[in-house]
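The next block is work_15.cif, given as mmCIF, C-alpha atoms.
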```cif
data_my_file
loop_
_atom_site.label_atom_id
_atom_site.label_comp_id
_atom_site.auth_asym_id
_atom_site.auth_seq_id
_atom_site.Cartn_x
_atom_site.Cartn_y
_atom_site.Cartn_z
CA MET A 1 -31.61 -29.17 -14.99
CA LYS A 2 -30.64 -25.79 -16.44
CA GLN A 3 -33.57 -24.17 -14.67
CA LYS A 4 -32.39 -25.64 -11.34
CA GLU A 5 -28.82 -24.42 -11.94
CA THR A 6 -30.11 -20.96 -12.83
CA LEU A 7 -32.18 -20.86 -9.64
CA LEU A 8 -29.23 -21.95 -7.50
CA ASN A 9 -26.99 -19.37 -9.14
CA THR A 10 -29.60 -16.68 -8.49
CA VAL A 11 -29.83 -17.65 -4.81
CA ASP A 12 -26.03 -17.70 -4.48
CA LEU A 13 -25.78 -14.31 -6.16
CA GLU A 14 -28.43 -12.82 -3.87
CA PHE A 15 -26.70 -14.31 -0.81
CA THR A 16 -23.36 -12.88 -1.92
CA ARG A 17 -24.95 -9.48 -2.60
CA ASN A 18 -26.46 -9.44 0.91
CA ILE A 19 -23.13 -10.34 2.50
CA ASP A 20 -21.35 -7.67 0.45
CA GLU A 21 -23.89 -5.08 1.57
CA ILE A 22 -23.39 -6.05 5.21
CA GLY A 23 -19.61 -5.80 4.85
CA ASP A 24 -17.91 -5.57 8.24
CA GLU A 25 -21.11 -4.67 10.08
CA HIS A 26 -21.85 -7.01 12.97
CA ILE A 27 -25.21 -8.74 12.94
CA GLY A 28 -26.93 -9.16 16.29
CA THR A 29 -28.65 -12.49 16.87
CA SER A 30 -29.22 -13.62 20.47
CA ASP A 31 -27.29 -14.58 23.57
CA GLN A 32 -27.29 -18.19 22.36
CA THR A 33 -24.56 -19.43 20.03
CA PRO A 34 -26.16 -20.09 16.61
CA LEU A 35 -26.13 -23.89 16.27
CA ARG A 36 -28.05 -26.29 14.07
CA GLU A 37 -30.24 -28.91 15.75
CA ASP A 38 -28.02 -31.69 14.39
CA ALA A 39 -24.77 -30.05 15.53
CA PHE A 40 -23.71 -32.97 17.74
CA GLU A 41 -24.96 -35.96 15.78
CA MET A 42 -21.51 -36.33 14.18
CA ASP A 43 -18.73 -37.65 16.42
CA ASP A 44 -15.45 -35.78 16.93
CA ASP A 45 -13.37 -38.17 14.80
CA LEU A 46 -15.61 -37.69 11.77
CA LYS A 47 -15.68 -33.93 12.29
CA MET A 48 -11.87 -33.86 12.32
CA GLU A 49 -11.71 -36.01 9.22
CA LEU A 50 -14.03 -33.68 7.31
CA ILE A 51 -12.36 -30.49 8.54
CA GLU A 52 -8.97 -31.92 7.53
CA LYS A 53 -10.30 -32.67 4.06
CA HIS A 54 -11.84 -29.22 3.57
CA PHE A 55 -8.92 -27.31 5.05
CA LYS A 56 -6.57 -29.19 2.73
CA GLU A 57 -8.70 -27.92 -0.15
CA ILE A 58 -8.46 -24.34 1.17
CA MET A 59 -4.68 -24.65 1.26
CA ASN A 60 -4.70 -26.04 -2.28
CA VAL A 61 -6.80 -23.11 -3.48
CA LEU A 62 -4.28 -20.75 -1.87
CA GLY A 63 -1.56 -22.42 -3.92
CA LEU A 64 0.34 -23.96 -1.01
CA ASP A 65 2.48 -27.04 -1.62
CA LEU A 66 1.09 -29.75 0.65
CA THR A 67 3.99 -32.06 -0.12
CA ASP A 68 6.29 -29.72 1.80
CA ASP A 69 7.36 -31.19 5.15
CA SER A 70 6.24 -28.06 7.01
CA LEU A 71 2.75 -28.02 5.49
CA LYS A 72 1.66 -31.60 4.90
CA GLY A 73 0.48 -32.11 8.47
CA THR A 74 -1.24 -28.74 8.77
CA PRO A 75 -4.78 -29.80 7.74
CA ARG A 76 -4.83 -32.49 10.43
CA ARG A 77 -3.37 -30.16 13.05
CA VAL A 78 -5.97 -27.50 12.28
CA ALA A 79 -8.81 -30.05 12.44
CA LYS A 80 -7.65 -31.35 15.81
CA MET A 81 -7.16 -27.82 17.15
CA TYR A 82 -10.68 -26.78 16.07
CA ILE A 83 -12.45 -29.75 17.68
CA LYS A 84 -10.30 -30.49 20.73
CA GLU A 85 -9.15 -26.99 21.67
CA ILE A 86 -10.28 -23.61 20.37
CA PHE A 87 -13.89 -24.59 19.54
CA SER A 88 -14.35 -27.27 22.19
CA GLY A 89 -16.82 -25.00 24.02
CA LEU A 90 -19.41 -25.66 21.32
CA ASP A 91 -20.00 -29.18 22.62
CA PRO A 92 -22.15 -29.46 25.77
CA LYS A 93 -20.22 -32.54 26.87
CA ASN A 94 -17.27 -30.24 27.59
CA LYS A 95 -19.28 -28.00 29.90
CA PRO A 96 -17.64 -27.75 33.35
CA ASN A 97 -19.15 -29.93 36.03
CA VAL A 98 -19.82 -27.37 38.75
CA LYS A 99 -20.55 -28.45 42.31
CA LEU A 100 -22.19 -26.03 44.71
CA PHE A 101 -21.07 -25.72 48.31
CA GLU A 102 -22.97 -24.33 51.24
CA ASN A 103 -21.77 -20.87 52.22
CA LYS A 104 -20.79 -22.03 55.73
CA TYR A 105 -18.76 -18.90 56.38
CA LYS A 106 -21.94 -16.84 55.94
CA TYR A 107 -19.92 -14.49 53.76
CA ARG A 108 -22.42 -11.93 52.45
CA GLU A 109 -20.12 -9.54 50.59
CA MET A 110 -19.23 -9.78 46.94
CA LEU A 111 -16.62 -12.20 45.69
CA VAL A 112 -14.54 -10.92 42.79
CA GLU A 113 -12.41 -13.04 40.46
CA LYS A 114 -10.53 -10.66 38.20
CA ASP A 115 -8.00 -10.82 35.37
CA ILE A 116 -9.19 -14.19 34.03
CA THR A 117 -7.23 -14.57 30.81
CA PHE A 118 -9.18 -16.04 27.91
CA PHE A 119 -8.75 -16.70 24.20
CA SER A 120 -11.68 -16.87 21.82
CA ASN A 121 -12.33 -16.43 18.10
CA CYS A 122 -14.39 -13.86 16.25
CA GLU A 123 -17.29 -15.58 14.50
CA HIS A 124 -17.19 -13.05 11.64
CA HIS A 125 -13.60 -13.67 10.51
CA PHE A 126 -12.44 -16.66 12.61
CA VAL A 127 -9.46 -14.78 14.01
CA PRO A 128 -8.55 -14.49 17.71
CA ILE A 129 -10.15 -12.43 20.45
CA TYR A 130 -8.11 -12.32 23.63
CA GLY A 131 -8.37 -10.43 26.89
CA LYS A 132 -9.41 -10.47 30.52
CA ALA A 133 -12.70 -11.28 32.20
CA HIS A 134 -13.65 -9.92 35.62
CA VAL A 135 -16.46 -11.71 37.43
CA ALA A 136 -18.26 -11.01 40.72
CA TYR A 137 -21.19 -12.45 42.60
CA ILE A 138 -22.89 -12.14 45.98
CA SER A 139 -23.79 -15.51 47.50
CA ASN A 140 -27.42 -16.42 48.00
CA GLY A 141 -26.51 -19.34 50.23
CA ASN A 142 -24.20 -21.29 47.93
CA VAL A 143 -20.70 -20.82 46.53
CA ILE A 144 -18.59 -22.52 43.86
CA GLY A 145 -14.87 -23.25 43.72
CA LEU A 146 -12.84 -20.35 42.37
CA SER A 147 -11.37 -22.41 39.54
CA LYS A 148 -14.89 -23.17 38.31
CA ILE A 149 -15.42 -19.49 37.53
CA ASN A 150 -12.36 -19.60 35.29
CA ARG A 151 -13.59 -22.81 33.67
CA ILE A 152 -16.97 -21.28 32.90
CA VAL A 153 -15.27 -18.32 31.22
CA GLN A 154 -13.06 -20.65 29.17
CA TYR A 155 -15.97 -22.89 28.18
CA PHE A 156 -17.97 -20.08 26.62
CA ALA A 157 -14.85 -18.46 25.13
CA LYS A 158 -13.90 -21.64 23.26
CA ARG A 159 -16.33 -21.18 20.42
CA PRO A 160 -16.83 -18.69 17.59
CA GLN A 161 -18.00 -15.62 19.49
CA VAL A 162 -18.99 -12.02 19.63
CA GLN A 163 -17.91 -10.29 22.82
CA GLU A 164 -21.36 -9.11 23.79
CA ARG A 165 -22.73 -12.66 23.65
CA LEU A 166 -19.75 -14.06 25.56
CA THR A 167 -20.32 -11.55 28.36
CA MET A 168 -24.01 -12.42 28.61
CA GLN A 169 -23.44 -16.17 28.47
CA ILE A 170 -21.00 -16.06 31.38
CA GLY A 171 -23.32 -13.84 33.43
CA ASN A 172 -26.46 -15.87 32.78
CA GLU A 173 -24.69 -19.16 33.45
CA LEU A 174 -23.45 -17.94 36.83
CA LYS A 175 -26.91 -16.67 37.76
CA GLU A 176 -28.42 -20.05 36.99
CA LEU A 177 -25.70 -22.09 38.72
CA LEU A 178 -25.57 -19.98 41.87
CA GLY A 179 -29.28 -19.28 42.18
CA THR A 180 -28.64 -15.57 42.61
CA ASP A 181 -29.37 -12.49 40.51
CA ASP A 182 -26.39 -10.68 42.01
CA VAL A 183 -23.80 -11.25 39.29
CA ALA A 184 -21.49 -8.92 37.37
CA VAL A 185 -19.16 -9.56 34.43
CA ILE A 186 -16.79 -7.19 32.64
CA ILE A 187 -14.69 -8.22 29.65
CA ASP A 188 -11.85 -6.16 28.20
CA ALA A 189 -10.58 -7.72 24.98
CA HIS A 190 -8.53 -7.19 21.85
CA HIS A 191 -9.93 -8.31 18.50
CA MET A 192 -7.50 -9.43 15.82
CA CYS A 193 -10.15 -8.67 13.18
CA VAL A 194 -9.60 -5.03 14.15
CA SER A 195 -5.82 -5.07 14.66
CA SER A 196 -4.59 -7.49 11.97
CA ARG A 197 -6.99 -6.57 9.13
CA GLY A 198 -9.45 -3.84 8.18
CA ILE A 199 -8.61 -0.68 10.12
CA GLN A 200 -5.50 -2.36 11.62
CA ASP A 201 -5.76 -0.53 14.93
CA VAL A 202 -3.41 -2.33 17.34
CA ASN A 203 -4.09 -0.11 20.37
CA SER A 204 -7.85 -0.20 20.92
CA SER A 205 -9.69 -2.70 23.09
CA THR A 206 -13.38 -3.46 23.57
CA VAL A 207 -15.12 -3.43 26.94
CA THR A 208 -18.49 -5.08 27.60
CA SER A 209 -20.42 -5.53 30.84
CA PHE A 210 -23.19 -7.56 32.41
CA TYR A 211 -24.91 -6.38 35.59
CA SER A 212 -27.74 -8.14 37.36
CA GLY A 213 -29.49 -7.88 40.71
CA LYS A 214 -27.74 -5.58 43.19
CA PHE A 215 -25.01 -4.78 40.64
CA GLU A 216 -27.66 -3.32 38.35
CA GLU A 217 -29.97 -1.79 40.95
CA ASP A 218 -27.52 -0.40 43.51
CA GLU A 219 -24.96 2.13 42.30
CA GLN A 220 -22.85 1.65 45.43
CA THR A 221 -22.52 -2.10 44.78
CA LYS A 222 -21.53 -1.48 41.17
CA SER A 223 -19.00 1.17 42.22
CA GLU A 224 -17.47 -1.20 44.77
CA PHE A 225 -16.99 -3.84 42.06
CA LEU A 226 -15.38 -1.34 39.70
CA LYS A 227 -13.12 -0.11 42.50
CA TYR A 228 -11.74 -3.61 43.04
CA LEU A 229 -10.82 -3.84 39.36
CA SER A 230 -8.51 -0.84 39.69
CA LEU A 231 -6.50 -2.30 42.60
#
```
Show how you would write the structure in this file as structure tokens.
Amino acid sequence: MKQKETLLNTVDLEFTRNIDEIGDEHIGTSDQTPLREDAFEMDDDLKMELIEKHFKEIMNVLGLDLTDDSLKGTPRRVAKMYIKEIFSGLDPKNKPNVKLFENKYKYREMLVEKDITFFSNCEHHFVPIYGKAHVAYISNGNVIGLSKINRIVQYFAKRPQVQERLTMQIGNELKELLGTDDVAVIIDAHHMCVSSRGIQDVNSSTVTSFYSGKFEEDEQTKSEFLKYLSL
């Protein structure tokens, strides 16, 4: 038993040492959100029950008085918010149902949906990321409703994120849905992990981009897209 405890302590110590060495450095994984294979075997009610229990313990560790009228409902509110709202994009059942329409107008120029407001959360510190997404595509025969573009942005934003991955997920999803390579995405966002902690820089923002098809290959097409964003 002691040998097992010693081994576990050694593993925990090594894990902690690795995390300490990484510090605030961001680790690149892939354009897919890191999820376990059993991520959706548990239903939402049980997830909320467990999150409520564990968040209550966090508040206890912080020394907060959970008998206070203002605080006693907080663990349940946080659990519901995590599952039903700010992390609802983790669950595939919440993915927008997008219907394609034939491009009957034969509109062959780019369509730009800009200034899409989104709120997400940094997966490194679980604090907010918020900003604007600008999306464009050139139809390859089909179009989608404008509101669906916004819903796709919100779906991928509502999960623990890094901005680079969010940008790629939106771009790749639109390519697949529309059956076209001609897609562009730009995100300009503020990260509370930068402004409310660490360096505490409240003025900087982060810009990421995704260009595919004509937006990547043709400088004039890319310039036209960027011009529209300045209007």
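Note that the spacing between atom CA of Glu123 of chain A and atom CA of Val162 of chain A amounts to 6.5 Å.
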Against segment 101-120 of chain A, which residues of segment 200-222 of chain A fall within 12 Å? For each one I want the closest pair of atoms and the distance in Å (one decimal), counting only C-alpha atoms, rows by chain and increasing residue number, as JSON lines.
```
{"residue": "A:Lys214", "atom": "CA", "partner": "A:Met110", "partner_atom": "CA", "distance": 10.2}
{"residue": "A:Phe215", "atom": "CA", "partner": "A:Met110", "partner_atom": "CA", "distance": 9.9}
{"residue": "A:Thr221", "atom": "CA", "partner": "A:Met110", "partner_atom": "CA", "distance": 8.6}
{"residue": "A:Lys222", "atom": "CA", "partner": "A:Met110", "partner_atom": "CA", "distance": 10.4}
```
Nearest residue to Gln32 of chain A from the set A:Asp182, A:Glu164, A:Glu217, A:Glu224 (distances using all atoms listed in the file):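 Going through A:Asp182, A:Glu164, A:Glu217, A:Glu224 one by one, the smallest distance to Gln32 of chain A is for A:Glu164.
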Quiz item: From the set A:Ala39, A:Met168, A:Glu219, A:Val183, which residue has the shortest atom-to-atom contact distance to Pro92 of chain A, counting all atoms listed in the file?
Solution: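 Ranking A:Ala39, A:Met168, A:Glu219, A:Val183 by distance to Pro92 of chain A, first place goes to A:Ala39.
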On this structure, the PyMOL selection byres ((chain A and resi 209) around 8) would catch which residues? List them as a count of residues only, sorted by chain and number.
10
**OP:** Counting only C-alpha atoms, figure out which residue out of A:Ile152, A:Leu100, A:Cys193, A:Ala136 gets nearest to Ser205 of chain A.
**Re:**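 Result for the nearest residue to Ser205 of chain A: A:Cys193.
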note - atom CA of Ser204 of chain A and atom CA of Glu85 of chain A are separated by 26.8 Å
Calculated over only C-alpha atoms, which of the candidates A:Phe55, A:Tyr228, A:Tyr130, A:Tyr137 has the smallest distance to Gln163 of chain A?
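Once distances to Gln163 of chain A are computed over only C-alpha atoms, the minimum belongs to A:Tyr130.
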Computed gap from atom CA of Glu176 of chain A to atom CA of Asp38 of chain A is 25.4 Å
Exercise for review: Considering only C-alpha atoms, return as an NGL selection string whatever protein or nucleic-acid residues lie within 9 Å of Tyr82 of chain A, sequence-local ones (same chain, fewer than 5 positions apart) excluded.
Suggested key: :A and (48 or 51 or 77 or 87-88)
task: For the structure provided, state which residues fall under the PyMOL selection byres ((chain A and resi 144) around 7), and present them as a PyMOL selection string.
output: chain A and resi 99-101+143+145-146+148
Run the PyMOL selection byres ((chain A and resi 192) around 12) mentally over the shown coordinates, then write out the matched residues as a PyMOL selection string, using the chain letters and numbers from the document. chain A and resi 119-131+189-191+193-206
